[in-house]
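Beneath this line is the structure, given in structure tokens, with notes to follow.
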Amino acid sequence: MYAGMRGSGRVFRILMRHGGISREMGGEELSLAVQRVDQMFIEALERGASDIHMHPERNALRIRFRIDGLLHEYDVITQPDLIQAMISRVKLAANMHLDEKRDTQDGRIDMEYMDRRLSARVSCIPTLNGERIAIRLLDPARMQVKLDALGMPPEVLANWRRALQTAYGMLVVTGPTGSGKTSTLYASLHTLDRVHRNIVTVEDPVEYEFPDNVMQVQVTEKITFPRALRAMLRHDPDVIMIGEIRDRESLQIGIQAALTGHLVLSTLHTNNAIETISRMMDMGAEDYLIAATLQCAMAQRLVRLICPDCRVPYQPTADEIAALKISKEVLSQARFWIGKGCKNCMNTGYRGRTGIFELLRISPAIREAIVSRASGDQILQIALKEGFRTMLDDGRDKVLRGLTTPHEVIQAVYAGVYEE
């Protein structure tokens with residue numbers, strides 16, 4: 001009996017949700033397509049994958065898992081009938097139209113595995129060789145992680161916690177796609193008093209459902225970010241989480257909410273924390289409004305952790321030492337490590353990820369600089385005098401502590417490094 005089944009019940013089940021009521025998705029249990037799709041999900045969940053890619057090629061369907069930020073091949077299907085049946089199974093589970101093969105579609109799959117309730121965000125797009133499906137696995141347990149488990153340096157964690165306790169203002173988390181911004185926002189909301197404060201979110205999409213006392217709004221073509229935000233302000237919120245500030249209108253509404261006594265948490269795409277200010281100005285925000293509302297900006301990246309089961313000493317190259325700006329005094333006493341690869345880390349040398357962070361606190365001196373339209377370099381110099389530490393500094397510390405490798409830190413942060 002295959003791994004996805006057991007006696008009278010099933011270890012893994014796809015659930016269909018209609019009108020708030022969930023039922024198990026139909027399908028012949030002995031059907032090869034049902035088995036292969038179920039097994040694909042089980043393997044992805046067991047391996048800790050964040051995404052499943054079903055990529056059609058000329059004569060095959062290639063399936064890959066994204067684990068710790070990198071894609072790993074899982075299977076290659078070559079039978080044409082099985083390929084179509086598996087794609088149809090996933091589309092049906094995601095409540096997509098099976099007969100629509102010329103347009104993009106988005107959907108959601110609810111599932112149950114070993115008594116864990118999970119969901120997945122599904123996107124389907126027609127390509128030259130057929131329909132390509134990308135599945136983002138959403139595990140509520142991952143989003144219940146605590147702030148102190150994200151990898152923040154102690155001073156960053158203390159200052160971020162302090163900022164979360166302010167009554168109003170804007171807290172912005174920045175970084176590229178896949179840098180862990182959403183995890184930071186969810187972990188932050190978990191620290192807030194959800195019983196006595198009204199917390200509302202507007203997200204695209206809603207990735208994880210809070211169990212209680214949080215109103216979450218899904219952005220759609222009709223309910224856009226600005227429209228949802230305007231409606232939210234009529235629901236007497238104390239805290240507003242905006243999944244992402246994407247345009248001028250969303251930013252202006254967020255600033256107005258912060259000005260009128262709300263705590264606003266959001267994300268923005270910038271290379272580093274200092275650039276948050278110039279990015280907000282580029283989007284049309286007035287300098288005096290930014291100075292009045294922005295409490296702090298935190299930039300972050302994710303780096304892979306060295307596998308503890310196969311780590312060995314490593315001698316970094318001269319270029320790596322220069323890029324990390326490691327002084328001769330520190331270098332003489334430092335030890336470096338790298339994973340040589342083993343079965344526990346799929347021969348990558350890495351297992352798991354952690355964040356590297358920098359936090360810009362908007363002090364009175366920086367507020368003055370913002371209003372006077374100081375350059376990013378000038379603001380950086382003020383911040384450095386006040387104790388600001390960059391992501392490179394945090395990454396270097398994690399390398400010297402043996403948590404990750406020079407290559408990982410350089411690859412993650414160098415686009416956002418502040419040049420001297």
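Note on naming: chains are A, B, ... as they come in the structure tokens, residues start from 1 per chain, ligands start from 1 in the order shown.
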
Could you find all residues in region 101-324 of chain A that DSSP calls alpha helix (DSSP H) from the backbone, and write them as JSON, numbers by chain? {"A": [154, 155, 156, 157, 158, 159, 160, 161, 162, 163, 164, 181, 182, 183, 184, 185, 186, 187, 188, 189, 190, 225, 226, 227, 228, 229, 230, 231, 232, 248, 249, 250, 251, 252, 253, 254, 255, 256, 257, 258, 259, 275, 276, 277, 278, 279, 280, 281, 282, 287, 288, 289, 290, 291, 292, 293, 318, 319, 320, 321, 322, 323, 324]}

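Residue neighbourhood of Gln300 (chain A), excluding near-sequence residues (fewer than 4 positions): Gly175, Ile356 and Phe357 of chain A, at 6 Å, using only C-alpha atoms.
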
Can you list every residue of region 141-205 of chain A that has an atom at most 12 Å from region 66-80 of chain A, with its nearest atom pair and the distance in Å to one decimal, using only C-alpha atoms, ordered by chain then number, as JSON lines?
{"residue": "A:Thr177", "atom": "CA", "partner": "A:Gly69", "partner_atom": "CA", "distance": 11.0}
{"residue": "A:Gly178", "atom": "CA", "partner": "A:Gly69", "partner_atom": "CA", "distance": 7.9}
{"residue": "A:Ser179", "atom": "CA", "partner": "A:Gly69", "partner_atom": "CA", "distance": 9.5}
{"residue": "A:Gly180", "atom": "CA", "partner": "A:Gly69", "partner_atom": "CA", "distance": 10.8}

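Across the structure, CA of Glu209 (chain A) and CA of Arg230 (chain A) are spaced 21.8 Å apart.
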
Give me every strand (DSSP E) residue in region 158-334 of chain A, going by DSSP on the backbone, as number ranges by chain. A: 169-174, 199-203, 214-218, 239-242, 263-268, 294-306, 311-314

Identify, on the basis of only C-alpha atoms, every residue whose closest approach to region 265-280 of chain A does not exceed 7 Å; exclude the query and any residue fewer than 4 positions from it along the same chain; express the result as a PyMOL selection string. chain A and resi 170-176+181+240-245+284-285+297-299+358-360+376+380+415-416

Would you please work out which residue, of A:Glu408, A:Asp110, A:Glu329, A:Glu43, is nearest to Tyr350 (chain A) when using only C-alpha atoms?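 Closest candidate: A:Glu408.
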
Can you list, as a list in words, every protein, DNA or RNA residue that comes within 7 Å of Leu138 (chain A) when you count only C-alpha atoms, leaving out same-chain residues fewer than 5 positions away?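 Once the nearby chain positions are removed, what remains is Leu118, Ser119, Ala120, Glu207 and Tyr208 of chain A.
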
Written selection (all heavy atoms) as a compact mmCIF listing (two decimals), in the first residue's frame:
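The new file part30.txt reads:
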# COMPACT_ATOMS: atom_id res chain seq x y z
N LEU A 118 -3.15 22.31 6.43
CA LEU A 118 -2.26 23.14 5.64
C LEU A 118 -3.01 23.66 4.42
O LEU A 118 -4.12 23.22 4.12
CB LEU A 118 -1.03 22.34 5.17
CG LEU A 118 -0.25 21.59 6.23
CD1 LEU A 118 -0.38 20.09 6.02
CD2 LEU A 118 1.22 21.96 6.18
N SER A 119 -2.38 24.57 3.72
CA SER A 119 -2.97 25.06 2.47
C SER A 119 -1.85 25.37 1.49
O SER A 119 -0.67 25.35 1.84
CB SER A 119 -3.83 26.30 2.73
OG SER A 119 -3.08 27.33 3.31
N ALA A 120 -2.24 25.65 0.27
CA ALA A 120 -1.26 25.96 -0.77
C ALA A 120 -1.85 27.00 -1.72
O ALA A 120 -3.04 26.97 -2.03
CB ALA A 120 -0.89 24.70 -1.56
N GLU A 207 -1.78 34.51 3.31
CA GLU A 207 -1.03 33.26 3.30
C GLU A 207 -1.35 32.38 4.49
O GLU A 207 -1.32 31.15 4.40
CB GLU A 207 0.47 33.55 3.24
CG GLU A 207 0.90 34.22 1.95
CD GLU A 207 2.41 34.20 1.76
OE1 GLU A 207 3.11 33.60 2.61
OE2 GLU A 207 2.88 34.77 0.77
N TYR A 208 -1.62 32.99 5.65
CA TYR A 208 -1.88 32.23 6.86
C TYR A 208 -3.03 32.86 7.62
O TYR A 208 -3.10 34.08 7.75
CB TYR A 208 -0.63 32.18 7.75
CG TYR A 208 0.56 31.60 7.05
CD1 TYR A 208 1.45 32.41 6.36
CD2 TYR A 208 0.78 30.22 7.03
CE1 TYR A 208 2.53 31.88 5.67
CE2 TYR A 208 1.85 29.68 6.36
CZ TYR A 208 2.73 30.50 5.69
OH TYR A 208 3.78 29.97 5.01

So, counting only C-alpha atoms, which residue among A:Ser50, A:Gln315, A:Gln295, A:Ser375 is closest to Gly352 (chain A)? A:Ser50

Shell around Arg161 (chain A) at 12 Å using only C-alpha atoms, local window under 4 positions removed, as a list in words: Lys146, Leu147, Asp148, Met152, Pro154, Glu155, Val156, Leu157, Gln165, Thr166, Leu171, Thr184, Leu185, Ala187, Ser188, Leu189, His190, Thr191, Leu192, Cys296 and Leu359 of chain A

Applying 7 Å and only C-alpha atoms, which residues near Glu24 (chain A) remain after dropping the ones on its own chain fewer than 4 positions away? List them as an MDAnalysis selection string. chainID A and resid 13:16

Residue selection dump (N, CA, C and O atoms) as a PDB file, in the first residue's frame:
ATOM      1  N   ARG A  13      -4.861  14.156   2.796  1.00  0.00           N
ATOM      2  CA  ARG A  13      -6.154  14.381   2.137  1.00  0.00           C
ATOM      3  C   ARG A  13      -6.194  15.790   1.572  1.00  0.00           C
ATOM      4  O   ARG A  13      -5.758  16.741   2.231  1.00  0.00           O
ATOM      5  N   ILE A  14      -6.722  15.915   0.366  1.00  0.00           N
ATOM      6  CA  ILE A  14      -7.020  17.225  -0.204  1.00  0.00           C
ATOM      7  C   ILE A  14      -8.465  17.545   0.143  1.00  0.00           C
ATOM      8  O   ILE A  14      -9.362  16.704  -0.029  1.00  0.00           O
ATOM      9  N   LEU A  15      -8.691  18.749   0.655  1.00  0.00           N
ATOM     10  CA  LEU A  15     -10.021  19.144   1.107  1.00  0.00           C
ATOM     11  C   LEU A  15     -10.614  20.185   0.177  1.00  0.00           C
ATOM     12  O   LEU A  15      -9.918  21.081  -0.294  1.00  0.00           O
ATOM     13  N   MET A  16     -11.876  20.063  -0.087  1.00  0.00           N
ATOM     14  CA  MET A  16     -12.607  21.062  -0.864  1.00  0.00           C
ATOM     15  C   MET A  16     -13.460  21.868   0.106  1.00  0.00           C
ATOM     16  O   MET A  16     -14.126  21.302   0.986  1.00  0.00           O
TER      17      MET A  16
END
